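This is input30.txt. It holds compact mmCIF, C-alpha atoms.
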# COMPACT_ATOMS: atom_id res chain seq x y z
CA MET A 1 -32.60 -5.28 50.98
CA ASN A 2 -33.19 -1.63 51.67
CA ASN A 3 -32.17 0.20 48.51
CA ASP A 4 -31.72 3.62 50.08
CA THR A 5 -29.35 6.18 48.61
CA GLN A 6 -26.43 5.09 50.80
CA ASN A 7 -26.56 1.55 49.39
CA ARG A 8 -26.53 2.63 45.77
CA PRO A 9 -23.27 2.35 43.84
CA THR A 10 -21.83 5.56 42.47
CA ILE A 11 -21.39 6.11 38.74
CA SER A 12 -17.64 5.62 39.22
CA ASP A 13 -18.26 2.32 41.00
CA ARG A 14 -20.51 1.11 38.19
CA LEU A 15 -18.05 2.06 35.47
CA TYR A 16 -15.22 0.39 37.40
CA MET A 17 -17.24 -2.83 37.70
CA HIS A 18 -17.90 -2.87 33.97
CA ARG A 19 -14.24 -2.38 33.20
CA LEU A 20 -13.37 -5.31 35.46
CA TYR A 21 -15.97 -7.35 33.60
CA TRP A 22 -14.59 -6.61 30.14
CA GLU A 23 -11.00 -7.11 31.29
CA CYS A 24 -12.00 -10.53 32.71
CA LYS A 25 -10.49 -9.62 36.04
CA GLU A 26 -11.73 -10.92 39.36
CA GLN A 27 -15.01 -9.21 40.27
CA PRO A 28 -16.18 -8.53 43.84
CA TYR A 29 -19.55 -9.86 42.67
CA PRO A 30 -21.18 -10.31 39.25
CA LEU A 31 -22.69 -7.37 37.44
CA ALA A 32 -26.47 -7.47 37.21
CA ALA A 33 -29.18 -5.68 35.27
CA PHE A 34 -32.84 -6.08 36.17
CA ARG A 35 -35.99 -5.84 34.12
CA VAL A 36 -39.02 -5.79 36.43
CA GLU A 37 -41.77 -7.27 34.24
CA GLU A 38 -44.35 -10.03 34.51
CA ASP A 39 -43.27 -11.95 31.41
CA PHE A 40 -41.08 -11.99 28.30
CA PHE A 41 -43.69 -10.42 26.00
CA PHE A 42 -41.88 -7.10 25.88
CA SER A 43 -44.03 -5.57 23.14
CA ARG A 44 -47.05 -5.39 25.38
CA HIS A 45 -45.09 -3.83 28.22
CA PHE A 46 -45.28 -0.61 26.22
CA GLN A 47 -48.70 0.95 26.72
CA ALA A 48 -48.24 2.76 23.41
CA ALA A 49 -47.95 -0.57 21.56
CA ARG A 50 -51.06 -2.24 22.94
CA PRO A 51 -53.52 -0.74 20.41
CA PHE A 52 -51.47 -2.35 17.63
CA LEU A 53 -51.42 -5.87 19.10
CA VAL A 54 -54.40 -7.06 17.08
CA PRO A 55 -53.77 -10.42 15.34
CA GLY A 56 -53.33 -9.93 11.60
CA LYS A 57 -53.17 -6.13 11.78
CA ARG A 58 -50.68 -4.75 9.29
CA ILE A 59 -48.25 -2.28 10.86
CA THR A 60 -46.71 0.58 8.92
CA PRO A 61 -44.08 3.04 10.20
CA GLU A 62 -46.33 6.09 10.12
CA MET A 63 -48.63 4.36 12.63
CA LEU A 64 -45.91 4.55 15.31
CA SER A 65 -45.75 7.87 17.14
CA VAL A 66 -42.43 7.96 18.99
CA GLU A 67 -43.77 10.57 21.41
CA ASP A 68 -46.45 8.12 22.55
CA PHE A 69 -43.73 5.65 23.58
CA LEU A 70 -41.58 8.07 25.57
CA PRO A 71 -43.58 7.81 28.85
CA ASP A 72 -43.03 4.03 28.75
CA TYR A 73 -39.28 4.52 28.43
CA GLU A 74 -39.23 7.03 31.27
CA ARG A 75 -41.17 4.64 33.51
CA MET A 76 -38.80 1.76 32.75
CA PHE A 77 -35.77 3.91 33.46
CA GLN A 78 -37.17 5.05 36.80
CA VAL A 79 -37.91 1.45 37.81
CA SER A 80 -34.32 0.45 37.02
CA GLU A 81 -33.04 3.33 39.12
CA GLU A 82 -35.26 2.26 41.99
CA VAL A 83 -33.65 -1.17 41.96
CA GLY A 84 -30.24 0.46 42.46
CA GLN A 85 -28.50 -1.93 40.08
CA ASP A 86 -24.89 -1.78 38.95
CA ALA A 87 -25.78 -1.96 35.25
CA PHE A 88 -26.93 1.03 33.21
CA TRP A 89 -30.48 0.80 31.93
CA THR A 90 -30.37 1.32 28.17
CA ALA A 91 -33.07 2.64 25.85
CA GLU A 92 -33.41 1.21 22.38
CA PRO A 93 -35.86 1.76 19.49
CA PHE A 94 -39.06 -0.14 20.29
CA THR A 95 -37.79 -3.70 20.45
CA GLY A 96 -41.12 -5.25 19.44
CA ILE A 97 -40.66 -4.31 15.79
CA PRO A 98 -38.50 -6.64 13.66
CA TRP A 99 -36.60 -3.64 12.37
CA MET A 100 -34.18 -5.24 9.95
CA GLU A 101 -36.91 -7.33 8.32
CA ALA A 102 -39.05 -4.20 7.96
CA ILE A 103 -36.17 -2.16 6.52
CA LEU A 104 -35.45 -5.00 4.07
CA GLY A 105 -39.00 -4.86 2.72
CA CYS A 106 -40.96 -7.42 4.72
CA GLU A 107 -44.57 -6.68 5.62
CA ILE A 108 -45.01 -6.40 9.41
CA CYS A 109 -48.10 -7.81 11.09
CA ALA A 110 -49.22 -7.95 14.70
CA GLY A 111 -50.04 -10.89 16.88
CA GLU A 112 -51.55 -10.87 20.35
CA GLU A 113 -48.16 -10.42 22.03
CA SER A 114 -45.62 -9.41 19.39
CA PHE A 115 -45.01 -8.50 15.77
CA ILE A 116 -43.92 -10.76 12.91
CA SER A 117 -42.67 -10.31 9.37
CA LYS A 118 -43.75 -11.98 6.13
CA PRO A 119 -41.24 -13.21 3.51
CA TRP A 120 -41.34 -11.71 0.04
CA LEU A 121 -38.26 -12.85 -1.88
CA LYS A 122 -39.15 -15.60 -4.36
CA ASP A 123 -36.04 -15.67 -6.54
CA LEU A 124 -32.43 -15.34 -5.40
CA ARG A 125 -31.75 -13.16 -8.42
CA GLU A 126 -33.77 -10.50 -6.63
CA VAL A 127 -31.02 -10.22 -4.00
CA ASP A 128 -29.21 -7.77 -6.25
CA THR A 129 -32.11 -5.32 -5.86
CA ILE A 130 -31.84 -5.22 -2.06
CA GLN A 131 -30.18 -2.11 -0.71
CA LEU A 132 -30.54 0.44 2.07
CA ASP A 133 -32.51 3.43 0.85
CA PRO A 134 -31.79 6.40 3.16
CA LYS A 135 -35.42 7.45 2.67
CA ASN A 136 -36.81 4.03 3.63
CA PRO A 137 -39.74 4.83 5.99
CA TRP A 138 -38.86 2.06 8.46
CA PHE A 139 -35.22 3.15 8.50
CA GLN A 140 -36.30 6.74 9.11
CA LYS A 141 -38.60 5.63 11.95
CA TYR A 142 -35.73 3.68 13.53
CA LEU A 143 -33.54 6.78 13.44
CA GLU A 144 -36.38 8.92 14.78
CA PHE A 145 -36.70 6.61 17.79
CA THR A 146 -32.95 6.86 18.29
CA GLU A 147 -32.83 10.66 18.14
CA LYS A 148 -35.81 11.17 20.44
CA LEU A 149 -34.49 8.66 22.97
CA VAL A 150 -31.17 10.51 23.02
CA ALA A 151 -33.10 13.72 23.72
CA LEU A 152 -35.17 12.01 26.44
CA SER A 153 -32.04 10.64 28.08
CA HIS A 154 -30.37 14.04 28.42
CA GLY A 155 -27.30 12.10 29.50
CA ARG A 156 -29.11 10.07 32.18
CA PHE A 157 -28.94 6.72 30.38
CA PRO A 158 -27.33 5.31 27.22
CA VAL A 159 -29.14 4.53 23.98
CA GLY A 160 -28.37 1.34 22.05
CA MET A 161 -29.66 -1.13 19.50
CA PRO A 162 -32.66 -3.40 20.07
CA ILE A 163 -33.05 -6.98 18.83
CA MET A 164 -31.93 -6.60 15.21
CA ARG A 165 -31.49 -10.18 13.99
CA GLY A 166 -28.41 -11.57 12.30
CA PRO A 167 -27.59 -12.69 8.75
CA SER A 168 -29.32 -16.09 8.96
CA ASP A 169 -32.40 -14.57 10.60
CA MET A 170 -32.66 -11.83 7.98
CA VAL A 171 -32.26 -14.24 5.06
CA GLY A 172 -34.75 -16.66 6.60
CA ALA A 173 -37.23 -13.82 7.09
CA LEU A 174 -36.85 -12.60 3.52
CA MET A 175 -37.17 -15.93 1.69
CA GLY A 176 -38.63 -18.33 4.28
CA GLN A 177 -36.76 -20.67 6.60
CA THR A 178 -37.35 -23.89 4.64
CA GLU A 179 -36.39 -22.19 1.39
CA MET A 180 -33.22 -20.90 3.01
CA VAL A 181 -32.12 -24.37 4.09
CA TYR A 182 -32.67 -25.87 0.62
CA ALA A 183 -30.92 -22.96 -1.08
CA LEU A 184 -27.77 -23.52 0.97
CA THR A 185 -27.30 -26.78 -0.93
CA ASP A 186 -28.85 -25.80 -4.25
CA GLU A 187 -27.27 -22.35 -4.70
CA PRO A 188 -24.40 -21.97 -2.22
CA LYS A 189 -22.62 -19.20 -4.15
CA ARG A 190 -25.72 -16.99 -4.28
CA MET A 191 -26.46 -17.70 -0.62
CA LYS A 192 -22.98 -16.61 0.46
CA GLN A 193 -23.54 -13.36 -1.43
CA PHE A 194 -26.98 -13.03 0.17
CA PHE A 195 -25.62 -13.40 3.71
CA LEU A 196 -22.91 -10.85 3.03
CA LYS A 197 -25.42 -8.44 1.44
CA VAL A 198 -27.74 -8.34 4.46
CA THR A 199 -24.72 -8.13 6.77
CA ASP A 200 -23.55 -5.01 4.97
CA ILE A 201 -27.01 -3.44 5.30
CA PHE A 202 -27.16 -4.38 8.99
CA LEU A 203 -23.84 -2.62 9.53
CA GLN A 204 -25.00 0.44 7.58
CA VAL A 205 -28.06 0.71 9.81
CA GLN A 206 -25.94 0.41 12.93
CA GLU A 207 -23.48 3.01 11.69
CA ALA A 208 -26.32 5.45 11.04
CA GLN A 209 -27.68 4.85 14.54
CA THR A 210 -24.28 5.06 16.23
CA ASN A 211 -23.61 8.40 14.55
CA ARG A 212 -26.69 9.78 16.33
CA ILE A 213 -25.80 8.51 19.80
CA PRO A 214 -23.37 10.52 21.94
CA PRO A 215 -20.86 8.58 24.05
CA PHE A 216 -22.08 7.63 27.51
CA PHE A 217 -19.26 8.26 29.98
CA GLY A 218 -16.86 7.78 27.12
CA GLY A 219 -18.36 4.48 26.01
CA SER A 220 -21.49 2.82 24.71
CA ALA A 221 -23.98 0.18 25.78
CA LEU A 222 -25.27 -3.10 24.41
CA GLY A 223 -28.97 -2.39 23.99
CA PHE A 224 -31.45 -4.98 25.30
CA TYR A 225 -28.75 -6.45 27.59
CA HIS A 226 -27.72 -3.15 29.22
CA VAL A 227 -24.00 -3.84 29.39
CA TRP A 228 -21.86 -0.69 29.37
CA CYS A 229 -18.72 -0.87 27.23
CA PRO A 230 -15.67 1.42 27.51
CA GLY A 231 -15.73 1.96 23.72
CA PRO A 232 -17.77 1.26 20.56
CA SER A 233 -19.83 -1.91 20.70
CA ILE A 234 -22.17 -4.11 18.68
CA TRP A 235 -24.13 -7.30 19.23
CA TYR A 236 -25.93 -9.66 16.90
CA GLN A 237 -27.76 -12.94 16.77
CA ASP A 238 -28.06 -15.87 14.36
CA ASP A 239 -30.94 -17.90 15.77
CA LEU A 240 -31.56 -19.70 12.47
CA SER A 241 -28.01 -21.04 12.59
CA ALA A 242 -29.67 -23.79 14.65
CA LEU A 243 -30.93 -25.14 11.30
CA LEU A 244 -27.37 -25.56 9.98
CA SER A 245 -24.64 -28.07 10.67
CA PRO A 246 -21.38 -26.84 12.20
CA GLY A 247 -19.77 -27.26 8.78
CA MET A 248 -22.40 -25.13 7.09
CA PHE A 249 -22.08 -22.50 9.82
CA ARG A 250 -18.35 -22.40 9.20
CA GLU A 251 -18.88 -21.99 5.45
CA PHE A 252 -21.78 -19.53 5.38
CA LEU A 253 -22.00 -17.65 8.69
CA ALA A 254 -18.52 -17.57 10.18
CA PRO A 255 -17.48 -14.94 7.58
CA THR A 256 -20.45 -12.72 8.40
CA SER A 257 -19.87 -13.10 12.15
CA ARG A 258 -16.29 -11.94 11.74
CA LYS A 259 -17.39 -9.08 9.49
CA ILE A 260 -19.88 -7.82 12.10
CA CYS A 261 -17.30 -7.91 14.89
CA GLU A 262 -14.42 -6.35 12.95
CA GLY A 263 -13.77 -2.77 13.95
CA PHE A 264 -15.62 -3.00 17.27
CA PRO A 265 -13.59 -3.53 20.46
CA TYR A 266 -16.67 -4.75 22.38
CA THR A 267 -18.83 -7.40 20.74
CA ALA A 268 -21.44 -9.94 21.79
CA VAL A 269 -23.59 -12.64 20.23
CA HIS A 270 -26.99 -13.81 21.45
CA LEU A 271 -27.33 -17.59 21.84
CA HIS A 272 -30.10 -20.03 22.69
CA PRO A 273 -29.26 -23.45 24.18
CA ALA A 274 -30.65 -25.02 20.99
CA SER A 275 -27.51 -23.73 19.26
CA PHE A 276 -25.01 -25.09 21.79
CA PHE A 277 -23.91 -27.69 19.24
CA MET A 278 -22.45 -24.71 17.33
CA LEU A 279 -20.59 -23.33 20.34
CA ASP A 280 -17.08 -24.32 19.28
CA GLU A 281 -17.55 -22.57 15.94
CA ILE A 282 -18.90 -19.45 17.64
CA LEU A 283 -16.05 -19.32 20.16
CA SER A 284 -13.47 -19.59 17.38
CA ASN A 285 -14.27 -16.00 16.35
CA ASN A 286 -11.35 -14.11 17.89
CA ALA A 287 -13.10 -10.76 17.40
CA LEU A 288 -16.04 -11.87 19.56
CA LYS A 289 -15.74 -10.76 23.19
CA ALA A 290 -18.94 -12.00 24.89
CA VAL A 291 -21.62 -14.64 24.51
CA GLU A 292 -25.12 -14.00 25.82
CA VAL A 293 -27.01 -17.17 26.76
CA ASN A 294 -30.75 -17.30 27.30
CA LYS A 295 -32.27 -19.33 30.07
CA ASP A 296 -35.21 -20.26 27.85
CA VAL A 297 -38.70 -21.01 29.08
CA GLY A 298 -38.99 -24.80 29.00
CA GLY A 299 -35.31 -25.11 28.12
CA PRO A 300 -32.38 -26.52 30.09
CA THR A 301 -31.78 -25.25 33.59
CA VAL A 302 -28.73 -23.22 34.54
CA GLU A 303 -27.32 -26.33 36.20
CA GLU A 304 -27.82 -28.32 33.00
CA MET A 305 -26.05 -25.59 31.00
CA LEU A 306 -22.98 -25.50 33.26
CA PRO A 307 -20.65 -27.35 30.83
CA GLU A 308 -21.38 -24.83 28.08
CA LEU A 309 -21.24 -21.84 30.43
CA LYS A 310 -17.83 -22.98 31.67
CA LYS A 311 -16.63 -23.41 28.09
CA ILE A 312 -17.72 -19.87 27.28
CA LEU A 313 -15.99 -18.39 30.34
CA ASP A 314 -12.78 -20.18 29.39
CA LYS A 315 -12.57 -17.99 26.27
CA LYS A 316 -15.12 -15.17 26.42
CA ASN A 317 -17.25 -13.04 28.69
CA LEU A 318 -20.68 -14.36 29.62
CA ILE A 319 -24.05 -12.61 29.79
CA LEU A 320 -26.67 -14.90 31.36
CA TRP A 321 -30.21 -13.71 30.60
CA GLY A 322 -33.64 -14.77 31.80
CA ASP A 323 -35.86 -15.33 34.83
CA LEU A 324 -32.92 -16.35 36.98
CA SER A 325 -33.94 -17.67 40.38
CA LEU A 326 -32.09 -17.67 43.67
CA GLN A 327 -31.36 -21.35 43.05
CA ASP A 328 -29.82 -20.46 39.68
CA LEU A 329 -27.58 -17.84 41.28
CA VAL A 330 -26.47 -20.28 43.98
CA CYS A 331 -25.56 -22.74 41.24
CA VAL A 332 -23.49 -20.13 39.41
CA ARG A 333 -21.72 -19.08 42.60
CA LYS A 334 -20.71 -22.65 43.37
CA ASN A 335 -19.62 -23.64 39.90
CA LEU A 336 -18.45 -20.70 37.77
CA PRO A 337 -15.45 -18.35 38.14
CA LEU A 338 -16.11 -14.82 39.32
CA ARG A 339 -14.80 -13.02 36.24
CA GLY A 340 -16.42 -11.97 32.98
CA LEU A 341 -19.85 -12.61 34.53
CA PHE A 342 -22.97 -10.51 33.90
CA PHE A 343 -26.60 -11.30 34.76
CA HIS A 344 -29.61 -9.78 33.04
CA ILE A 345 -32.53 -10.85 35.20
CA ILE A 346 -36.23 -10.72 34.36
CA THR A 347 -38.23 -10.66 37.56
CA PRO A 348 -41.91 -9.98 38.29
CA SER A 349 -41.55 -7.63 41.26
CA MET A 350 -39.33 -5.05 42.87
CA GLU A 351 -39.22 -7.17 46.03
CA LYS A 352 -37.80 -10.12 44.09
CA ALA A 353 -35.28 -7.88 42.33
CA ASN A 354 -34.11 -6.54 45.70
CA GLU A 355 -33.77 -10.06 47.10
CA LEU A 356 -31.70 -11.29 44.15
CA LEU A 357 -29.52 -8.18 44.05
CA ALA A 358 -28.81 -8.47 47.78
CA PHE A 359 -27.72 -12.09 47.30
CA ILE A 360 -25.48 -11.21 44.35
CA ARG A 361 -23.76 -8.42 46.29
CA SER A 362 -23.24 -10.76 49.25
CA TRP A 363 -20.68 -12.65 47.15
CA ARG A 364 -18.04 -10.09 48.08
CA ASN A 365 -18.32 -11.05 51.77
Would you mind writing the structure in this file as structure tokens?
Amino acid sequence: MNNDTQNRPTISDRLYMHRLYWECKEQPYPLAAFRVEEDFFFSRHFQAARPFLVPGKRITPEMLSVEDFLPDYERMFQVSEEVGQDAFWTAEPFTGIPWMEAILGCEICAGEESFISKPWLKDLREVDTIQLDPKNPWFQKYLEFTEKLVALSHGRFPVGMPIMRGPSDMVGALMGQTEMVYALTDEPKRMKQFFLKVTDIFLQVQEAQTNRIPPFFGGSALGFYHVWCPGPSIWYQDDLSALLSPGMFREFLAPTSRKICEGFPYTAVHLHPASFFMLDEILSNNALKAVEVNKDVGGPTVEEMLPELKKILDKKNLILWGDLSLQDLVCVRKNLPLRGLFFHIITPSMEKANELLAFIRSWRN
């Protein structure tokens, strides 16, 4: 495909396509965002982060110079523009840092390809001491990233939230995953309070960030997935819900899921196929508008996920994320309705991105 200026959609066209998506109306072709990268190790795609990717190296907020990261963001934005996609590339505070874990007091250490947190909470009675300190250095660094990305954008692209984890992920990070599972049975009352406590802090962090982000063409964008929304939006994940039964999810995490989505007209949850057994519980959240599904490395194929993808599209919008191949797109075209459908595609080259985008746009013919 020749992505010259004449073939590029206008801003009005792109906004119109997103509105069709959220209204679950028939689309001329699915929306698509592209990330042109060699792999999924997004931390090392930032040149500014590479000096920190030393296994065991402790990372503190003052080590991160936001200015050093800005050329990486500019480069990524320009690449997305070169593709000529319908989605709006979105900048978010450096997604390699586990921000919520850091803000909640976890020590952050580097690996060869990403950053991890270490649990610190040994006694559930310590939950009462957890709160959001406005002067928390990690919180301040998160807001600094946000403010400087807004300035860098100068209205060219939206700014949103990175991977921020959900209630189960935050609790598991703070106390340890095994300890979390045992505590659900041993101290259910305290655990319910714990989940709600971290949910409140998560929402406080998002409110502080949102207050620093101007509307983008009257709306906002889901960071990391690059989906424009006509109004306020939020997304979350609960990867550790895969350790729970559907009944335990309903008891402990359904209330926090509803709490996160309340007050936001555009909402999404991130989901791995390993959590498909929880899908009915997730879809029962009436305030949830979209489900993002990963095509995981080594996981089920798009064809194998078709029953779950169809179930999602019966009730919600779908964001399908990963290294989607031409074969995957053919499968979707043959088997899924053309409404509420968004692709976020990781691809190793501009040539491949152009090929896949040309095929997607051919659906209108």
- request: Kindly indicate which residue among A:Asp123, A:Gln177, A:Cys24, A:Thr60 lies nearest to Lys315 in chain A, using only C-alpha atoms for the distances.
  value: A:Cys24
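Distances to Lys197 in chain A were evaluated for A:Ile234, A:Leu104, A:Phe145, A:Ser153 using only C-alpha atoms, and the minimum falls at A:Leu104.
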- request: Write out as a ChimeraX atom specification the residues lying within 12 Å of Val330 in chain A, counting only C-alpha atoms and excluding same-chain residues fewer than 6 positions away.
  value: /A:302-303,324,336,356,359-360,362-363
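The spacing separating CA of Thr256 in chain A from CA of Arg19 in chain A amounts to 27.6 Å.
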Closest-contact table, range 29-145 of chain A side, partner range 202-226 of chain A, 10 Å, counting all atoms listed in the file, as a Markdown table:
| residue | atom | partner | partner_atom | distance |
| --- | --- | --- | --- | --- |
| A:Ala32 | CA | A:His226 | CA | 9.2 |
| A:Ala33 | CA | A:His226 | CA | 6.7 |
| A:Phe34 | CA | A:His226 | CA | 9.1 |
| A:Arg35 | CA | A:Tyr225 | CA | 9.8 |
| A:Ala87 | CA | A:His226 | CA | 6.4 |
| A:Phe88 | CA | A:His226 | CA | 5.8 |
| A:Trp89 | CA | A:His226 | CA | 5.5 |
| A:Thr90 | CA | A:His226 | CA | 5.3 |
| A:Ala91 | CA | A:Gly223 | CA | 6.8 |
| A:Glu92 | CA | A:Gly223 | CA | 5.9 |
| A:Pro93 | CA | A:Gly223 | CA | 9.2 |
| A:Thr95 | CA | A:Phe224 | CA | 8.1 |
| A:Trp99 | CA | A:Val205 | CA | 9.9 |
| A:Met100 | CA | A:Phe202 | CA | 7.1 |
| A:Ile103 | CA | A:Val205 | CA | 9.2 |
| A:Leu104 | CA | A:Phe202 | CA | 9.7 |
| A:Leu132 | CA | A:Gln204 | CA | 7.8 |
| A:Pro134 | CA | A:Val205 | CA | 9.5 |
| A:Phe139 | CA | A:Val205 | CA | 7.7 |
| A:Tyr142 | CA | A:Gln209 | CA | 8.2 |
| A:Leu143 | CA | A:Gln209 | CA | 6.3 |
| A:Glu144 | CA | A:Gln209 | CA | 9.6 |
| A:Phe145 | CA | A:Gln209 | CA | 9.7 |
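Candidate residues A:Leu318, A:Leu306, A:Glu74, A:Ala274 were compared for distance to Lys334 in chain A, and the nearest is A:Leu306, using only C-alpha atoms.
Among the candidate residues A:Ser349, A:Gln193, A:Asn354, A:Asn317, the one lying nearest to Arg125 in chain A is A:Gln193, with distances computed using all atoms listed in the file.
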Near-Ser241 in chain A list (8 Å; all atoms listed in the file; drop same-chain fewer than 3 positions) as a PyMOL selection string: chain A and resi 168+238+244+249+253+275
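CA of Phe276 in chain A sits 27.3 Å away from CA of Arg190 in chain A.
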message: Can you measure CA of Thr185 in chain A to CA of Met248 in chain A for me? One decimal in Å is fine.
response: 9.5 Å
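Of the residues listed (A:Leu184, A:Lys57, A:Asp280, A:Ile260), A:Lys57 shows the shortest atom-to-atom separation from Ala110 in chain A; distances use all atoms listed in the file.
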Repaired coordinates for range 52-69 of chain A (N, CA, C and O atoms) as a PDB file, in the frame of the given file:
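The file below, rebuild.pdb, is the result:
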ATOM      1  N   PHE A  52     -51.885  -1.710  18.872  1.00  0.00           N
ATOM      2  CA  PHE A  52     -51.470  -2.350  17.630  1.00  0.00           C
ATOM      3  C   PHE A  52     -51.469  -3.873  17.708  1.00  0.00           C
ATOM      4  O   PHE A  52     -51.378  -4.547  16.681  1.00  0.00           O
ATOM      5  N   LEU A  53     -51.528  -4.426  18.923  1.00  0.00           N
ATOM      6  CA  LEU A  53     -51.420  -5.870  19.100  1.00  0.00           C
ATOM      7  C   LEU A  53     -52.765  -6.550  18.817  1.00  0.00           C
ATOM      8  O   LEU A  53     -53.393  -7.152  19.681  1.00  0.00           O
ATOM      9  N   VAL A  54     -53.163  -6.450  17.572  1.00  0.00           N
ATOM     10  CA  VAL A  54     -54.400  -7.060  17.080  1.00  0.00           C
ATOM     11  C   VAL A  54     -53.994  -8.089  16.023  1.00  0.00           C
ATOM     12  O   VAL A  54     -53.413  -7.724  15.001  1.00  0.00           O
ATOM     13  N   PRO A  55     -54.235  -9.390  16.263  1.00  0.00           N
ATOM     14  CA  PRO A  55     -53.770 -10.420  15.340  1.00  0.00           C
ATOM     15  C   PRO A  55     -54.145 -10.126  13.882  1.00  0.00           C
ATOM     16  O   PRO A  55     -55.294  -9.838  13.566  1.00  0.00           O
ATOM     17  N   GLY A  56     -53.120 -10.157  13.022  1.00  0.00           N
ATOM     18  CA  GLY A  56     -53.330  -9.930  11.600  1.00  0.00           C
ATOM     19  C   GLY A  56     -53.269  -8.480  11.177  1.00  0.00           C
ATOM     20  O   GLY A  56     -53.248  -8.193   9.972  1.00  0.00           O
ATOM     21  N   LYS A  57     -53.201  -7.553  12.114  1.00  0.00           N
ATOM     22  CA  LYS A  57     -53.170  -6.130  11.780  1.00  0.00           C
ATOM     23  C   LYS A  57     -51.849  -5.762  11.131  1.00  0.00           C
ATOM     24  O   LYS A  57     -50.783  -6.033  11.675  1.00  0.00           O
ATOM     25  N   ARG A  58     -51.906  -5.171   9.957  1.00  0.00           N
ATOM     26  CA  ARG A  58     -50.680  -4.750   9.290  1.00  0.00           C
ATOM     27  C   ARG A  58     -50.176  -3.465   9.929  1.00  0.00           C
ATOM     28  O   ARG A  58     -50.938  -2.521  10.163  1.00  0.00           O
ATOM     29  N   ILE A  59     -48.862  -3.420  10.201  1.00  0.00           N
ATOM     30  CA  ILE A  59     -48.250  -2.280  10.860  1.00  0.00           C
ATOM     31  C   ILE A  59     -47.357  -1.543   9.863  1.00  0.00           C
ATOM     32  O   ILE A  59     -46.521  -2.152   9.181  1.00  0.00           O
ATOM     33  N   THR A  60     -47.544  -0.252   9.780  1.00  0.00           N
ATOM     34  CA  THR A  60     -46.710   0.580   8.920  1.00  0.00           C
ATOM     35  C   THR A  60     -46.005   1.621   9.782  1.00  0.00           C
ATOM     36  O   THR A  60     -46.478   1.963  10.878  1.00  0.00           O
ATOM     37  N   PRO A  61     -44.871   2.152   9.329  1.00  0.00           N
ATOM     38  CA  PRO A  61     -44.080   3.040  10.200  1.00  0.00           C
ATOM     39  C   PRO A  61     -44.802   4.305  10.624  1.00  0.00           C
ATOM     40  O   PRO A  61     -44.612   4.776  11.754  1.00  0.00           O
ATOM     41  N   GLU A  62     -45.654   4.845   9.754  1.00  0.00           N
ATOM     42  CA  GLU A  62     -46.330   6.090  10.120  1.00  0.00           C
ATOM     43  C   GLU A  62     -47.346   5.897  11.244  1.00  0.00           C
ATOM     44  O   GLU A  62     -47.782   6.870  11.873  1.00  0.00           O
ATOM     45  N   MET A  63     -47.703   4.639  11.539  1.00  0.00           N
ATOM     46  CA  MET A  63     -48.630   4.360  12.630  1.00  0.00           C
ATOM     47  C   MET A  63     -47.964   4.568  13.992  1.00  0.00           C
ATOM     48  O   MET A  63     -48.653   4.771  14.999  1.00  0.00           O
ATOM     49  N   LEU A  64     -46.636   4.484  14.039  1.00  0.00           N
ATOM     50  CA  LEU A  64     -45.910   4.550  15.310  1.00  0.00           C
ATOM     51  C   LEU A  64     -45.533   6.000  15.620  1.00  0.00           C
ATOM     52  O   LEU A  64     -44.718   6.605  14.918  1.00  0.00           O
ATOM     53  N   SER A  65     -46.110   6.542  16.672  1.00  0.00           N
ATOM     54  CA  SER A  65     -45.750   7.870  17.140  1.00  0.00           C
ATOM     55  C   SER A  65     -44.717   7.723  18.250  1.00  0.00           C
ATOM     56  O   SER A  65     -45.034   7.209  19.336  1.00  0.00           O
ATOM     57  N   VAL A  66     -43.501   8.128  18.000  1.00  0.00           N
ATOM     58  CA  VAL A  66     -42.430   7.960  18.990  1.00  0.00           C
ATOM     59  C   VAL A  66     -42.791   8.653  20.296  1.00  0.00           C
ATOM     60  O   VAL A  66     -42.528   8.123  21.384  1.00  0.00           O
ATOM     61  N   GLU A  67     -43.399   9.823  20.196  1.00  0.00           N
ATOM     62  CA  GLU A  67     -43.770  10.570  21.410  1.00  0.00           C
ATOM     63  C   GLU A  67     -44.678   9.762  22.321  1.00  0.00           C
ATOM     64  O   GLU A  67     -44.596   9.877  23.553  1.00  0.00           O
ATOM     65  N   ASP A  68     -45.540   8.936  21.740  1.00  0.00           N
ATOM     66  CA  ASP A  68     -46.450   8.120  22.550  1.00  0.00           C
ATOM     67  C   ASP A  68     -45.691   7.068  23.365  1.00  0.00           C
ATOM     68  O   ASP A  68     -46.185   6.612  24.406  1.00  0.00           O
ATOM     69  N   PHE A  69     -44.514   6.680  22.907  1.00  0.00           N
ATOM     70  CA  PHE A  69     -43.730   5.650  23.580  1.00  0.00           C
ATOM     71  C   PHE A  69     -42.845   6.219  24.693  1.00  0.00           C
ATOM     72  O   PHE A  69     -42.403   5.471  25.578  1.00  0.00           O
TER      73      PHE A  69
END
